[in-house]
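Participant: Structure file my_file.cif, mmCIF, N, CA and C atoms, is pasted below:
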data_structure
#
loop_
_atom_site.group_PDB
_atom_site.id
_atom_site.type_symbol
_atom_site.label_atom_id
_atom_site.label_comp_id
_atom_site.auth_asym_id
_atom_site.auth_seq_id
_atom_site.Cartn_x
_atom_site.Cartn_y
_atom_site.Cartn_z
ATOM 1 N N MET A 651 2.342 -13.461 -10.262
ATOM 2 C CA MET A 651 1.886 -12.268 -9.574
ATOM 3 C C MET A 651 0.353 -12.258 -9.563
ATOM 4 N N THR A 652 -0.226 -11.834 -8.454
ATOM 5 C CA THR A 652 -1.684 -11.831 -8.345
ATOM 6 C C THR A 652 -2.255 -10.515 -8.831
ATOM 7 N N ASP A 653 -3.504 -10.584 -9.223
ATOM 8 C CA ASP A 653 -4.229 -9.402 -9.693
ATOM 9 C C ASP A 653 -4.499 -8.489 -8.494
ATOM 10 N N PRO A 654 -4.161 -7.197 -8.589
ATOM 11 C CA PRO A 654 -4.391 -6.291 -7.448
ATOM 12 C C PRO A 654 -5.870 -6.112 -7.125
ATOM 13 N N HIS A 655 -6.750 -6.441 -8.080
ATOM 14 C CA HIS A 655 -8.194 -6.318 -7.841
ATOM 15 C C HIS A 655 -8.811 -7.612 -7.327
ATOM 16 N N GLU A 656 -7.988 -8.648 -7.168
ATOM 17 C CA GLU A 656 -8.503 -9.938 -6.728
ATOM 18 C C GLU A 656 -9.000 -9.830 -5.288
ATOM 19 N N LEU A 657 -10.165 -10.355 -5.049
ATOM 20 C CA LEU A 657 -10.786 -10.333 -3.733
ATOM 21 C C LEU A 657 -10.154 -11.417 -2.871
ATOM 22 N N THR A 658 -9.606 -11.040 -1.723
ATOM 23 C CA THR A 658 -9.002 -12.031 -0.832
ATOM 24 C C THR A 658 -10.080 -12.623 0.060
ATOM 25 N N LEU A 659 -9.760 -13.745 0.676
ATOM 26 C CA LEU A 659 -10.717 -14.375 1.582
ATOM 27 C C LEU A 659 -10.997 -13.480 2.787
ATOM 28 N N GLU A 660 -9.994 -12.763 3.250
ATOM 29 C CA GLU A 660 -10.213 -11.858 4.387
ATOM 30 C C GLU A 660 -11.153 -10.721 4.007
ATOM 31 N N GLU A 661 -11.007 -10.181 2.800
ATOM 32 C CA GLU A 661 -11.927 -9.131 2.336
ATOM 33 C C GLU A 661 -13.341 -9.675 2.202
ATOM 34 N N LEU A 662 -13.466 -10.898 1.709
ATOM 35 C CA LEU A 662 -14.781 -11.523 1.599
ATOM 36 C C LEU A 662 -15.403 -11.721 2.978
ATOM 37 N N ARG A 663 -14.624 -12.186 3.925
ATOM 38 C CA ARG A 663 -15.131 -12.357 5.297
ATOM 39 C C ARG A 663 -15.580 -11.017 5.877
ATOM 40 N N ALA A 664 -14.806 -9.960 5.631
ATOM 41 C CA ALA A 664 -15.174 -8.630 6.132
ATOM 42 C C ALA A 664 -16.477 -8.154 5.497
ATOM 43 N N ARG A 665 -16.652 -8.404 4.202
ATOM 44 C CA ARG A 665 -17.891 -8.002 3.523
ATOM 45 C C ARG A 665 -19.088 -8.761 4.067
ATOM 46 N N THR A 666 -18.908 -10.054 4.306
ATOM 47 C CA THR A 666 -20.038 -10.830 4.827
ATOM 48 C C THR A 666 -20.387 -10.398 6.243
ATOM 49 N N ARG A 667 -19.379 -10.081 7.055
ATOM 50 C CA ARG A 667 -19.656 -9.573 8.409
ATOM 51 C C ARG A 667 -20.402 -8.242 8.344
ATOM 52 N N ALA A 668 -19.989 -7.366 7.438
ATOM 53 C CA ALA A 668 -20.617 -6.042 7.316
ATOM 54 C C ALA A 668 -22.075 -6.144 6.894
ATOM 55 N N THR A 669 -22.396 -7.146 6.098
ATOM 56 C CA THR A 669 -23.770 -7.294 5.623
ATOM 57 C C THR A 669 -24.616 -8.184 6.516
ATOM 58 N N GLY A 670 -23.971 -8.870 7.440
ATOM 59 C CA GLY A 670 -24.709 -9.748 8.336
ATOM 60 C C GLY A 670 -25.044 -11.096 7.705
ATOM 61 N N ILE A 671 -24.421 -11.405 6.581
ATOM 62 C CA ILE A 671 -24.663 -12.681 5.903
ATOM 63 C C ILE A 671 -23.725 -13.738 6.473
ATOM 64 N N THR A 672 -24.244 -14.930 6.675
ATOM 65 C CA THR A 672 -23.424 -16.040 7.144
ATOM 66 C C THR A 672 -23.188 -16.989 5.982
ATOM 67 N N ILE A 673 -21.919 -17.246 5.690
ATOM 68 C CA ILE A 673 -21.553 -18.182 4.629
ATOM 69 C C ILE A 673 -20.659 -19.240 5.250
ATOM 70 N N ALA A 674 -20.992 -20.495 4.989
ATOM 71 C CA ALA A 674 -20.192 -21.599 5.514
ATOM 72 C C ALA A 674 -18.753 -21.492 5.021
ATOM 73 N N GLU A 675 -17.825 -21.812 5.885
ATOM 74 C CA GLU A 675 -16.395 -21.680 5.577
ATOM 75 C C GLU A 675 -16.015 -22.469 4.317
ATOM 76 N N HIS A 676 -16.594 -23.649 4.129
ATOM 77 C CA HIS A 676 -16.230 -24.474 2.971
ATOM 78 C C HIS A 676 -16.789 -23.902 1.665
ATOM 79 N N ARG A 677 -17.663 -22.906 1.726
ATOM 80 C CA ARG A 677 -18.225 -22.297 0.515
ATOM 81 C C ARG A 677 -17.569 -20.950 0.169
ATOM 82 N N LEU A 678 -16.695 -20.458 1.022
ATOM 83 C CA LEU A 678 -16.077 -19.146 0.793
ATOM 84 C C LEU A 678 -15.302 -19.074 -0.517
ATOM 85 N N GLY A 679 -14.608 -20.123 -0.874
ATOM 86 C CA GLY A 679 -13.844 -20.130 -2.127
ATOM 87 C C GLY A 679 -14.749 -19.957 -3.334
ATOM 88 N N MET A 680 -15.884 -20.671 -3.331
ATOM 89 C CA MET A 680 -16.824 -20.575 -4.445
ATOM 90 C C MET A 680 -17.446 -19.178 -4.502
ATOM 91 N N VAL A 681 -17.831 -18.643 -3.352
ATOM 92 C CA VAL A 681 -18.441 -17.306 -3.299
ATOM 93 C C VAL A 681 -17.432 -16.257 -3.736
ATOM 94 N N ARG A 682 -16.195 -16.409 -3.335
ATOM 95 C CA ARG A 682 -15.130 -15.479 -3.732
ATOM 96 C C ARG A 682 -14.978 -15.460 -5.251
ATOM 97 N N LYS A 683 -14.983 -16.637 -5.875
ATOM 98 C CA LYS A 683 -14.858 -16.733 -7.331
ATOM 99 C C LYS A 683 -16.057 -16.096 -8.023
ATOM 100 N N LEU A 684 -17.269 -16.393 -7.551
ATOM 101 C CA LEU A 684 -18.476 -15.831 -8.165
ATOM 102 C C LEU A 684 -18.517 -14.313 -8.031
ATOM 103 N N LEU A 685 -18.170 -13.793 -6.860
ATOM 104 C CA LEU A 685 -18.170 -12.352 -6.649
ATOM 105 C C LEU A 685 -17.088 -11.675 -7.480
ATOM 106 N N SER A 686 -15.931 -12.278 -7.567
ATOM 107 C CA SER A 686 -14.853 -11.720 -8.389
ATOM 108 C C SER A 686 -15.265 -11.669 -9.853
ATOM 109 N N ASP A 687 -15.911 -12.741 -10.332
ATOM 110 C CA ASP A 687 -16.385 -12.775 -11.721
ATOM 111 C C ASP A 687 -17.441 -11.699 -11.963
ATOM 112 N N ALA A 688 -18.311 -11.479 -10.988
ATOM 113 C CA ALA A 688 -19.371 -10.480 -11.136
ATOM 114 C C ALA A 688 -18.803 -9.062 -11.142
ATOM 115 N N LEU A 689 -17.723 -8.839 -10.420
ATOM 116 C CA LEU A 689 -17.155 -7.499 -10.304
ATOM 117 C C LEU A 689 -16.212 -7.132 -11.450
ATOM 118 N N VAL A 690 -15.858 -8.081 -12.299
ATOM 119 C CA VAL A 690 -14.932 -7.812 -13.410
ATOM 120 C C VAL A 690 -15.430 -6.650 -14.265
ATOM 121 N N HIS A 691 -16.697 -6.648 -14.628
ATOM 122 C CA HIS A 691 -17.236 -5.615 -15.511
ATOM 123 C C HIS A 691 -17.331 -4.263 -14.807
ATOM 124 N N VAL A 692 -17.627 -4.275 -13.531
ATOM 125 C CA VAL A 692 -17.696 -3.025 -12.769
ATOM 126 C C VAL A 692 -16.312 -2.415 -12.656
ATOM 127 N N ARG A 693 -15.318 -3.231 -12.387
ATOM 128 C CA ARG A 693 -13.945 -2.732 -12.251
ATOM 129 C C ARG A 693 -13.386 -2.244 -13.584
ATOM 130 N N ALA A 694 -13.844 -2.806 -14.682
ATOM 131 C CA ALA A 694 -13.357 -2.403 -16.004
ATOM 132 C C ALA A 694 -13.977 -1.086 -16.455
ATOM 133 N N LEU A 695 -15.049 -0.670 -15.817
ATOM 134 C CA LEU A 695 -15.758 0.543 -16.203
ATOM 135 C C LEU A 695 -14.978 1.789 -15.767
ATOM 136 N N ASP A 696 -14.793 2.717 -16.684
ATOM 137 C CA ASP A 696 -14.149 3.986 -16.363
ATOM 138 C C ASP A 696 -15.257 5.001 -16.105
ATOM 139 N N SER A 697 -15.530 5.280 -14.851
ATOM 140 C CA SER A 697 -16.642 6.167 -14.500
ATOM 141 C C SER A 697 -16.415 7.595 -14.985
ATOM 142 N N ARG A 698 -15.166 7.957 -15.268
ATOM 143 C CA ARG A 698 -14.898 9.304 -15.778
ATOM 144 C C ARG A 698 -15.402 9.485 -17.205
ATOM 145 N N ALA A 699 -15.580 8.371 -17.918
ATOM 146 C CA ALA A 699 -16.023 8.426 -19.311
ATOM 147 C C ALA A 699 -17.542 8.464 -19.442
ATOM 148 N N ILE A 700 -18.234 8.282 -18.340
ATOM 149 C CA ILE A 700 -19.693 8.262 -18.379
ATOM 150 C C ILE A 700 -20.221 9.690 -18.327
ATOM 151 N N LYS A 701 -21.128 9.999 -19.235
ATOM 152 C CA LYS A 701 -21.717 11.330 -19.277
ATOM 153 C C LYS A 701 -22.674 11.520 -18.096
ATOM 154 N N THR A 702 -22.522 12.621 -17.410
ATOM 155 C CA THR A 702 -23.403 12.937 -16.299
ATOM 156 C C THR A 702 -24.725 13.454 -16.846
ATOM 157 N N VAL A 703 -25.817 12.925 -16.348
ATOM 158 C CA VAL A 703 -27.139 13.343 -16.798
ATOM 159 C C VAL A 703 -27.982 13.744 -15.597
ATOM 160 N N GLU A 704 -28.996 14.532 -15.889
ATOM 161 C CA GLU A 704 -29.919 14.933 -14.825
ATOM 162 C C GLU A 704 -30.851 13.773 -14.508
ATOM 163 N N PRO A 705 -31.425 13.785 -13.329
ATOM 164 C CA PRO A 705 -32.405 12.745 -13.002
ATOM 165 C C PRO A 705 -33.588 12.805 -13.960
ATOM 166 N N ALA A 706 -34.215 11.674 -14.206
ATOM 167 C CA ALA A 706 -35.339 11.603 -15.137
ATOM 168 C C ALA A 706 -36.585 12.264 -14.559
ATOM 169 N N VAL A 707 -36.714 12.271 -13.250
ATOM 170 C CA VAL A 707 -37.902 12.835 -12.618
ATOM 171 C C VAL A 707 -37.643 14.290 -12.256
ATOM 172 N N ARG A 708 -38.594 15.144 -12.574
ATOM 173 C CA ARG A 708 -38.487 16.563 -12.211
ATOM 174 C C ARG A 708 -39.713 16.951 -11.395
ATOM 175 N N PHE A 709 -39.488 17.776 -10.426
ATOM 176 C CA PHE A 709 -40.580 18.287 -9.619
ATOM 177 C C PHE A 709 -40.671 19.793 -9.844
ATOM 178 N N GLU A 710 -41.846 20.254 -10.206
ATOM 179 C CA GLU A 710 -42.064 21.685 -10.430
ATOM 180 C C GLU A 710 -43.153 22.171 -9.496
ATOM 181 N N ALA A 711 -42.876 23.287 -8.856
ATOM 182 C CA ALA A 711 -43.865 23.868 -7.930
ATOM 183 C C ALA A 711 -44.957 24.563 -8.727
ATOM 184 N N GLU A 712 -46.174 24.298 -8.359
ATOM 185 C CA GLU A 712 -47.329 24.979 -8.993
ATOM 186 C C GLU A 712 -47.556 26.299 -8.271
ATOM 187 N N PRO A 713 -47.869 27.397 -9.001
ATOM 188 C CA PRO A 713 -48.124 28.688 -8.340
ATOM 189 C C PRO A 713 -49.411 28.670 -7.538
#
For this file, produce the structure as C-alpha coordinates.
Facilitator:
Amino acid sequence: MTDPHELTLEELRARTRATGITIAEHRLGMVRKLLSDALVHVRALDSRAIKTVEPAVRFEAEP
(Lines of atoms letter the chains of each structure in order from A and count residues from 1; the text may use other names and numbers.)
(Lines give C-alpha, C1' and ligand atoms only; values in the text may rest on other atoms or scores of the structure.)
Protein backbone atom coordinates (compact mmCIF):
# COMPACT_ATOMS: atom_id res chain seq x y z
CA MET A 1 0.00 0.00 0.00
CA THR A 2 1.30 3.47 -0.84
CA ASP A 3 1.64 6.37 1.55
CA PRO A 4 -1.35 8.75 1.16
CA HIS A 5 1.07 11.69 1.50
CA GLU A 6 3.35 10.42 -1.27
CA LEU A 7 3.77 12.95 -4.06
CA THR A 8 2.74 11.51 -7.42
CA LEU A 9 4.43 12.41 -10.68
CA GLU A 10 1.24 14.12 -11.86
CA GLU A 11 1.16 16.29 -8.71
CA LEU A 12 4.81 17.15 -9.26
CA ARG A 13 4.12 18.11 -12.88
CA ALA A 14 1.20 20.29 -11.74
CA ARG A 15 3.40 22.03 -9.16
CA THR A 16 6.13 22.71 -11.69
CA ARG A 17 3.59 24.10 -14.17
CA ALA A 18 2.11 26.35 -11.46
CA THR A 19 5.53 27.76 -10.61
CA GLY A 20 6.72 28.07 -14.18
CA ILE A 21 9.72 25.82 -13.54
CA THR A 22 10.85 23.48 -16.29
CA ILE A 23 12.26 20.13 -15.18
CA ALA A 24 13.50 17.55 -17.66
CA GLU A 25 11.29 14.46 -17.77
CA HIS A 26 14.20 12.13 -16.90
CA ARG A 27 14.83 14.13 -13.68
CA LEU A 28 11.25 14.08 -12.36
CA GLY A 29 11.79 10.91 -10.33
CA MET A 30 14.79 12.40 -8.53
CA VAL A 31 12.99 15.71 -7.89
CA ARG A 32 9.93 13.84 -6.61
CA LYS A 33 12.10 11.92 -4.12
CA LEU A 34 13.93 15.05 -2.93
CA LEU A 35 10.70 17.03 -2.51
CA SER A 36 9.00 14.15 -0.70
CA ASP A 37 11.98 13.87 1.67
CA ALA A 38 11.90 17.62 2.31
CA LEU A 39 8.17 17.60 3.07
CA VAL A 40 8.32 14.72 5.60
CA HIS A 41 8.98 17.08 8.52
CA VAL A 42 6.34 19.58 7.44
CA ARG A 43 3.71 16.86 7.13
CA ALA A 44 4.64 15.44 10.54
CA LEU A 45 4.07 18.82 12.19
CA ASP A 46 0.77 19.23 14.04
CA SER A 47 -0.03 22.90 13.52
CA ARG A 48 -2.75 22.71 16.19
CA ALA A 49 -0.05 22.13 18.82
CA ILE A 50 1.85 25.29 17.94
CA LYS A 51 1.25 28.22 20.25
CA THR A 52 -0.08 31.28 18.48
CA VAL A 53 2.04 34.36 19.13
CA GLU A 54 1.77 38.00 18.22
CA PRO A 55 4.04 39.43 15.55
CA ALA A 56 7.42 40.59 16.85
CA VAL A 57 7.06 44.03 15.28
CA ARG A 58 4.63 46.53 16.79
CA PHE A 59 3.61 49.86 15.41
CA GLU A 60 2.43 52.55 17.81
CA ALA A 61 0.95 55.86 16.74
CA GLU A 62 2.64 58.91 18.23
CA PRO A 63 0.25 61.64 19.51
Participant: What is the CA of Leu662 in chain A to CA of Arg682 in chain A distance in Å?
Facilitator: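 So the answer is 6.6 Å.
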Participant: Mind checking DSSP for chain A and telling me the helix (DSSP H, G or I) residues as an MDAnalysis selection string?
Facilitator: chainID A and resid 659:669 675:694 697:699
Participant: One number please: CA of Leu657 in chain A to CA of Leu685 in chain A, in Å, one decimal.
Facilitator: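 Here the two named atoms are 8.2 Å from each other.
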Participant: Go ahead and compute the interatomic distance for atom C of Val690 in chain A and CA of Thr658 in chain A, in Å to one decimal.
Facilitator: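 Interatomic distance, atom C of Val690 in chain A to CA of Thr658 in chain A: 15.8 Å.
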Participant: Would you mind telling me which residue in A:His655, A:Val703, A:Arg665, A:Glu710 lies nearest to Val681 in chain A when using only C-alpha atoms?
Facilitator: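 Ranking A:His655, A:Val703, A:Arg665, A:Glu710 by distance to Val681 in chain A, first place goes to A:Arg665.
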